[in-house]
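Written out below as structure tokens is the structure these notes cover.
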Amino acid sequence: MALPMLRRCCGCLSLETGCLMLCIISSMACLAYIVAGAWNLPRHREREREDNLISMTMVMFSTLSVISNAVALSGIGFRRPGCLQLSLLFNSVFILCLFLVAIVTCLYSNELKPFLDNPGNVAFIVLMFLVGAAYSLYYLTVVNSLYRKMKMSYCETALPM
């Protein structure tokens, strides 16, 4: 089943403007994720090996997602639907991997064990996962809609060639 085709982003913005805005917001979120993952790496000898591995994986997938967002931004700027398609493919994989890293962090990180004893904190984490999943799905839908719009206006068909 394909993602729905949107005509506007957030109800009032054009697809180009909305996609540009969402790519910038996603890049900023990934940069924050990189900083959060790299923050504890200098004290790697004091931490458990699993926590270091989680931090390095978080930094790696966030960096790849920033690169994929840069490809999407260049596709918007240069009007290249192929760049949007490439970004859509890779960013969907990287977003899935980032969610998996976040789940592994919550389940196995020794640093979070005291934080997860409070049921309110667990509910907050679940809520943040749902908000992140909704944002990611909307982001992918907007990028896909812009890709299909560009592809149809330049090539008469939205099927990948």
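Chain labels run A, B, ... following the order of the structure tokens; each chain numbers its residues from 1, and ligands are numbered from 1 in the order shown.
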- Message: Set the distance at 9 Å and use only C-alpha atoms: which residues neighbour Tyr139 in chain A once local chain neighbours fewer than 6 positions away are removed? I'd like the list as a ChimeraX atom specification.
- Response: /A:19,22-23,26
- Could you name the residues that touch range 72-74 of chain A at 12 Å or less, counting only C-alpha atoms, but leaving out those on the same chain fewer than 6 positions away, as an MDAnalysis selection string? chainID A and resid 16:27 65:66 80:91 139:140 142:144 146:147
- Query: When distances are computed from only C-alpha atoms, which of A:Gly75, A:Gly37, A:Pro119, A:Pro4 shows the smallest separation from Lys151 in chain A?
  - Reply: A:Gly75
- Could you give me the residues within chain A that DSSP places in alpha helix (DSSP H), as a ChimeraX atom specification? /A:15-39,49-77,81-108,119-155
- Pick from A:Met60, A:Cys10, A:Val126, A:Glu111: nearest to Thr141 in chain A, with only C-alpha atoms counted?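 Among the listed residues, the smallest separation from Thr141 in chain A belongs to A:Cys10.
Minimum atom-to-atom distances from A:Ile34, A:Asp51, A:Arg45, A:Asn40 to Asn110 in chain A were compared using only C-alpha atoms, and the lowest value belongs to A:Asp51.
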